[in-house]
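**Student:** PDB, C-alpha atoms, saved as work_7.pdb, coming up:
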ATOM      1  CA  MET R   1    -279.262 -80.368 -64.463  1.00  0.00           C
ATOM      2  CA  SER R   2    -281.954 -81.872 -62.232  1.00  0.00           C
ATOM      3  CA  GLU R   3    -285.101 -79.958 -61.295  1.00  0.00           C
ATOM      4  CA  GLU R   4    -283.823 -79.747 -57.689  1.00  0.00           C
ATOM      5  CA  GLN R   5    -280.566 -78.128 -58.926  1.00  0.00           C
ATOM      6  CA  ALA R   6    -282.399 -75.697 -61.205  1.00  0.00           C
ATOM      7  CA  ASP R   7    -284.605 -74.471 -58.332  1.00  0.00           C
ATOM      8  CA  PHE R   8    -281.776 -74.261 -55.772  1.00  0.00           C
ATOM      9  CA  THR R   9    -280.436 -70.971 -54.469  1.00  0.00           C
ATOM     10  CA  PRO R  10    -277.491 -71.340 -52.059  1.00  0.00           C
ATOM     11  CA  ALA R  11    -277.738 -69.737 -48.626  1.00  0.00           C
ATOM     12  CA  PRO R  12    -275.732 -66.518 -48.173  1.00  0.00           C
ATOM     13  CA  VAL R  13    -272.030 -66.932 -47.365  1.00  0.00           C
ATOM     14  CA  LYS R  14    -271.365 -66.673 -43.614  1.00  0.00           C
ATOM     15  CA  ALA R  15    -269.231 -63.920 -42.074  1.00  0.00           C
ATOM     16  CA  THR R  16    -265.505 -63.966 -42.860  1.00  0.00           C
ATOM     17  CA  ILE R  17    -263.286 -65.811 -40.368  1.00  0.00           C
ATOM     18  CA  THR R  18    -259.532 -66.116 -39.994  1.00  0.00           C
ATOM     19  CA  LEU R  19    -257.453 -69.032 -41.224  1.00  0.00           C
ATOM     20  CA  ASP R  20    -256.554 -69.623 -37.567  1.00  0.00           C
ATOM     21  CA  ALA R  21    -260.236 -70.264 -36.784  1.00  0.00           C
ATOM     22  CA  VAL R  22    -260.391 -72.906 -39.528  1.00  0.00           C
ATOM     23  CA  GLU R  23    -257.144 -74.509 -38.347  1.00  0.00           C
ATOM     24  CA  GLN R  24    -258.619 -74.927 -34.867  1.00  0.00           C
ATOM     25  CA  LEU R  25    -261.196 -77.403 -36.200  1.00  0.00           C
ATOM     26  CA  ASP R  26    -260.086 -81.031 -36.100  1.00  0.00           C
ATOM     27  CA  VAL R  27    -262.042 -82.750 -38.867  1.00  0.00           C
ATOM     28  CA  ARG R  28    -261.427 -86.486 -39.245  1.00  0.00           C
ATOM     29  CA  VAL R  29    -262.682 -89.379 -41.326  1.00  0.00           C
ATOM     30  CA  GLY R  30    -264.486 -92.073 -39.381  1.00  0.00           C
ATOM     31  CA  THR R  31    -266.482 -95.177 -40.248  1.00  0.00           C
ATOM     32  CA  ILE R  32    -270.015 -95.327 -38.881  1.00  0.00           C
ATOM     33  CA  GLU R  33    -270.139 -98.785 -37.288  1.00  0.00           C
ATOM     34  CA  SER R  34    -273.645 -98.648 -35.836  1.00  0.00           C
ATOM     35  CA  VAL R  35    -276.748 -96.458 -35.745  1.00  0.00           C
ATOM     36  CA  GLU R  36    -279.054 -96.668 -32.720  1.00  0.00           C
ATOM     37  CA  GLU R  37    -282.265 -94.961 -31.647  1.00  0.00           C
ATOM     38  CA  VAL R  38    -282.011 -92.393 -28.845  1.00  0.00           C
ATOM     39  CA  ALA R  39    -284.841 -93.082 -26.403  1.00  0.00           C
ATOM     40  CA  GLY R  40    -287.304 -90.219 -26.130  1.00  0.00           C
ATOM     41  CA  SER R  41    -285.999 -88.315 -29.153  1.00  0.00           C
ATOM     42  CA  ASN R  42    -287.814 -88.047 -32.468  1.00  0.00           C
ATOM     43  CA  LYS R  43    -284.745 -86.436 -34.085  1.00  0.00           C
ATOM     44  CA  LEU R  44    -281.509 -87.869 -32.659  1.00  0.00           C
ATOM     45  CA  LEU R  45    -279.636 -91.048 -33.564  1.00  0.00           C
ATOM     46  CA  LYS R  46    -276.557 -92.347 -31.777  1.00  0.00           C
ATOM     47  CA  LEU R  47    -273.707 -93.187 -34.160  1.00  0.00           C
ATOM     48  CA  THR R  48    -270.789 -95.325 -33.011  1.00  0.00           C
ATOM     49  CA  VAL R  49    -267.865 -94.124 -35.109  1.00  0.00           C
ATOM     50  CA  ASN R  50    -264.454 -95.773 -35.547  1.00  0.00           C
ATOM     51  CA  PHE R  51    -261.571 -93.287 -35.810  1.00  0.00           C
ATOM     52  CA  GLY R  52    -258.856 -95.930 -36.126  1.00  0.00           C
ATOM     53  CA  ASP R  53    -257.270 -95.591 -32.694  1.00  0.00           C
ATOM     54  CA  HIS R  54    -260.574 -95.093 -30.812  1.00  0.00           C
ATOM     55  CA  ARG R  55    -264.359 -95.086 -31.121  1.00  0.00           C
ATOM     56  CA  ARG R  56    -266.774 -92.324 -30.203  1.00  0.00           C
ATOM     57  CA  SER R  57    -270.492 -91.886 -29.743  1.00  0.00           C
ATOM     58  CA  ILE R  58    -271.766 -89.027 -31.869  1.00  0.00           C
ATOM     59  CA  LEU R  59    -275.365 -87.874 -31.831  1.00  0.00           C
ATOM     60  CA  ALA R  60    -276.828 -86.701 -35.121  1.00  0.00           C
ATOM     61  CA  GLY R  61    -280.251 -85.187 -35.751  1.00  0.00           C
ATOM     62  CA  MET R  62    -280.906 -87.349 -38.776  1.00  0.00           C
ATOM     63  CA  LYS R  63    -283.727 -89.647 -37.677  1.00  0.00           C
ATOM     64  CA  GLN R  64    -286.352 -87.920 -39.852  1.00  0.00           C
ATOM     65  CA  GLU R  65    -283.997 -87.378 -42.821  1.00  0.00           C
ATOM     66  CA  ARG R  66    -283.836 -90.950 -44.123  1.00  0.00           C
ATOM     67  CA  ALA R  67    -286.326 -93.746 -44.633  1.00  0.00           C
ATOM     68  CA  ASP R  68    -283.710 -96.158 -43.221  1.00  0.00           C
ATOM     69  CA  PRO R  69    -281.062 -94.417 -41.085  1.00  0.00           C
ATOM     70  CA  LYS R  70    -279.134 -97.696 -40.814  1.00  0.00           C
ATOM     71  CA  GLU R  71    -278.169 -97.279 -44.493  1.00  0.00           C
ATOM     72  CA  VAL R  72    -275.172 -95.197 -43.316  1.00  0.00           C
ATOM     73  CA  GLU R  73    -273.692 -98.084 -41.310  1.00  0.00           C
ATOM     74  CA  GLY R  74    -270.324 -99.051 -42.774  1.00  0.00           C
ATOM     75  CA  ARG R  75    -269.939 -95.682 -44.538  1.00  0.00           C
ATOM     76  CA  GLN R  76    -267.070 -93.277 -44.001  1.00  0.00           C
ATOM     77  CA  ALA R  77    -267.902 -89.630 -43.307  1.00  0.00           C
ATOM     78  CA  LEU R  78    -266.325 -86.442 -41.967  1.00  0.00           C
ATOM     79  CA  PHE R  79    -266.667 -85.483 -38.287  1.00  0.00           C
ATOM     80  CA  VAL R  80    -265.517 -82.611 -36.077  1.00  0.00           C
ATOM     81  CA  VAL R  81    -263.763 -84.393 -33.199  1.00  0.00           C
ATOM     82  CA  ASN R  82    -262.507 -81.551 -31.003  1.00  0.00           C
ATOM     83  CA  LEU R  83    -265.833 -80.162 -29.788  1.00  0.00           C
ATOM     84  CA  ALA R  84    -266.508 -80.337 -26.058  1.00  0.00           C
ATOM     85  CA  PRO R  85    -268.750 -83.312 -25.205  1.00  0.00           C
ATOM     86  CA  ARG R  86    -272.417 -82.309 -25.129  1.00  0.00           C
ATOM     87  CA  ARG R  87    -275.310 -84.013 -23.344  1.00  0.00           C
ATOM     88  CA  MET R  88    -278.519 -84.325 -25.351  1.00  0.00           C
ATOM     89  CA  ALA R  89    -281.591 -86.455 -24.587  1.00  0.00           C
ATOM     90  CA  GLY R  90    -279.700 -88.241 -21.803  1.00  0.00           C
ATOM     91  CA  GLU R  91    -276.774 -89.240 -24.070  1.00  0.00           C
ATOM     92  CA  VAL R  92    -273.332 -87.655 -24.563  1.00  0.00           C
ATOM     93  CA  SER R  93    -272.161 -86.638 -28.017  1.00  0.00           C
ATOM     94  CA  GLU R  94    -268.387 -86.624 -28.553  1.00  0.00           C
ATOM     95  CA  GLY R  95    -268.254 -84.784 -31.875  1.00  0.00           C
ATOM     96  CA  MET R  96    -270.325 -83.611 -34.816  1.00  0.00           C
ATOM     97  CA  LEU R  97    -271.194 -85.240 -38.125  1.00  0.00           C
ATOM     98  CA  PHE R  98    -270.652 -83.081 -41.207  1.00  0.00           C
ATOM     99  CA  ASP R  99    -273.518 -83.312 -43.646  1.00  0.00           C
ATOM    100  CA  ILE R 100    -274.415 -81.351 -46.737  1.00  0.00           C
ATOM    101  CA  GLY R 101    -277.755 -79.759 -47.510  1.00  0.00           C
ATOM    102  CA  TYR R 102    -279.617 -79.436 -44.207  1.00  0.00           C
ATOM    103  CA  ALA R 103    -278.921 -75.686 -43.772  1.00  0.00           C
ATOM    104  CA  ASP R 104    -280.181 -75.115 -47.319  1.00  0.00           C
ATOM    105  CA  GLY R 105    -283.430 -77.020 -46.855  1.00  0.00           C
ATOM    106  CA  LEU R 106    -282.256 -80.027 -48.889  1.00  0.00           C
ATOM    107  CA  ALA R 107    -282.416 -83.676 -47.880  1.00  0.00           C
ATOM    108  CA  PRO R 108    -279.002 -84.019 -46.186  1.00  0.00           C
ATOM    109  CA  VAL R 109    -276.254 -86.277 -47.484  1.00  0.00           C
ATOM    110  CA  LEU R 110    -273.012 -87.323 -45.805  1.00  0.00           C
ATOM    111  CA  ALA R 111    -269.785 -85.417 -46.494  1.00  0.00           C
ATOM    112  CA  VAL R 112    -267.501 -88.285 -47.524  1.00  0.00           C
ATOM    113  CA  PRO R 113    -263.964 -88.792 -48.826  1.00  0.00           C
ATOM    114  CA  GLU R 114    -263.787 -89.424 -52.577  1.00  0.00           C
ATOM    115  CA  LYS R 115    -262.245 -92.863 -51.892  1.00  0.00           C
ATOM    116  CA  GLY R 116    -261.615 -94.940 -48.800  1.00  0.00           C
ATOM    117  CA  VAL R 117    -258.911 -93.622 -46.488  1.00  0.00           C
ATOM    118  CA  PRO R 118    -257.728 -94.835 -43.074  1.00  0.00           C
ATOM    119  CA  ASP R 119    -260.118 -94.024 -40.235  1.00  0.00           C
ATOM    120  CA  GLY R 120    -258.769 -91.082 -38.275  1.00  0.00           C
ATOM    121  CA  ALA R 121    -257.240 -89.337 -41.299  1.00  0.00           C
ATOM    122  CA  ARG R 122    -257.436 -85.576 -40.814  1.00  0.00           C
ATOM    123  CA  ALA R 123    -259.090 -83.211 -43.298  1.00  0.00           C
ATOM    124  CA  GLY R 124    -257.487 -79.910 -44.200  1.00  0.00           C
TER     125      GLY R 124
END
What would the structure in this file look like if it were written as structure tokens?
**Tutor:**
Amino acid sequence: MSEEQADFTPAPVKATITLDAVEQLDVRVGTIESVEEVAGSNKLLKLTVNFGDHRRSILAGMKQERADPKEVEGRQALFVVNLAPRRMAGEVSEGMLFDIGYADGLAPVLAVPEKGVPDGARAG
């Protein structure tokens, strides 16, 4: 067990929700094709993500989380794709990247499939 694991206490479990609420989320695998700076933001990066039958721009607040944010280019990850588009820092985000650790104060990592799957494959 690493020192980080030994000192880690998980955040409390969130309030109970219904299975229907979970089934409303559309979580898909996508490949991050490019990572670009968002002008005027010290937090946001613009990810261009391939979902097999289409591409989307997804903004992620990960600029300060990695020494080289471009290291995620070419990687598959999980994304929520049925959120309403949201304008941030003059750009539109068409989904949300799932990451692990941020809410617990850890250096975030991507939530990824255990092996490569077709872009657009649905989780759940």
**Student:** Just checking: using only C-alpha atoms, which residue out of R:Leu59, R:Leu110, R:Ile100, R:Ala21 ends up closest to R:Pro85?
**Tutor:** R:Leu59
**Student:** Which neighbours of R:Arg87 fall inside 12 Å, counting all atoms listed in the file, when residues of the same chain fewer than 2 positions from it are skipped, and could you give them as a ChimeraX atom specification?
**Tutor:** /R:44,46,57-59,84-85,89-95
**Student:** Nearest to R:Gly116: which of R:Thr31, R:Thr18, R:Thr9, R:Ser41 is it, counting all atoms listed in the file?
**Tutor:** R:Thr31
**Student:** Could you tell me which residues the PyMOL selection byres ((chain R and resi 23) around 12) grabs in this file, written as a ChimeraX atom specification?
**Tutor:** /R:17-22,24-27,80,82,122-124
**Student:** Using all atoms listed in the file, which protein or nucleic acid residues come within 10 Å of R:Val49? Drop anything in the same chain fewer than 2 positions from it, and give the result as an MDAnalysis selection string.
**Tutor:** chainID R and resid 29:35 46:47 51:52 54:58 73:77 79 94:95 97 119
**Student:** What does the distance from atom CA of R:Asp53 to atom CA of R:Arg66 come to in Å, to one decimal?
**Tutor:**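 These two atoms are separated by 29.3 Å.
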**Student:** For a quick check of your reading of the model, name the residues lying within 6 Å of the coordinate (-279.5, -87.0, -37.8), counting all atoms listed in the file, and write them as a count of residues only.
**Tutor:** 6
**Student:** Go through R:Leu83, R:Ala111, R:Asp104, R:Gly120 and flag the residue nearest R:Asp7, using all atoms listed in the file for the distances.
**Tutor:** R:Asp104
**Student:** Nearest to R:Gly101: which of R:Ala11, R:Ala121, R:Ala67, R:Ala6 is it, counting only C-alpha atoms?
**Tutor:** R:Ala11
**Student:** Calculate how many Å separate atom CA of R:Val13 from atom CA of R:Leu106, rounding to one decimal.
**Tutor:**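 Atom CA of R:Val13 sits 16.7 Å away from atom CA of R:Leu106.
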**Student:** For atom CA of R:Glu65 and atom CA of R:Ala103, determine how far apart the two atoms are, in Å to one decimal place.
**Tutor:** 12.8 Å
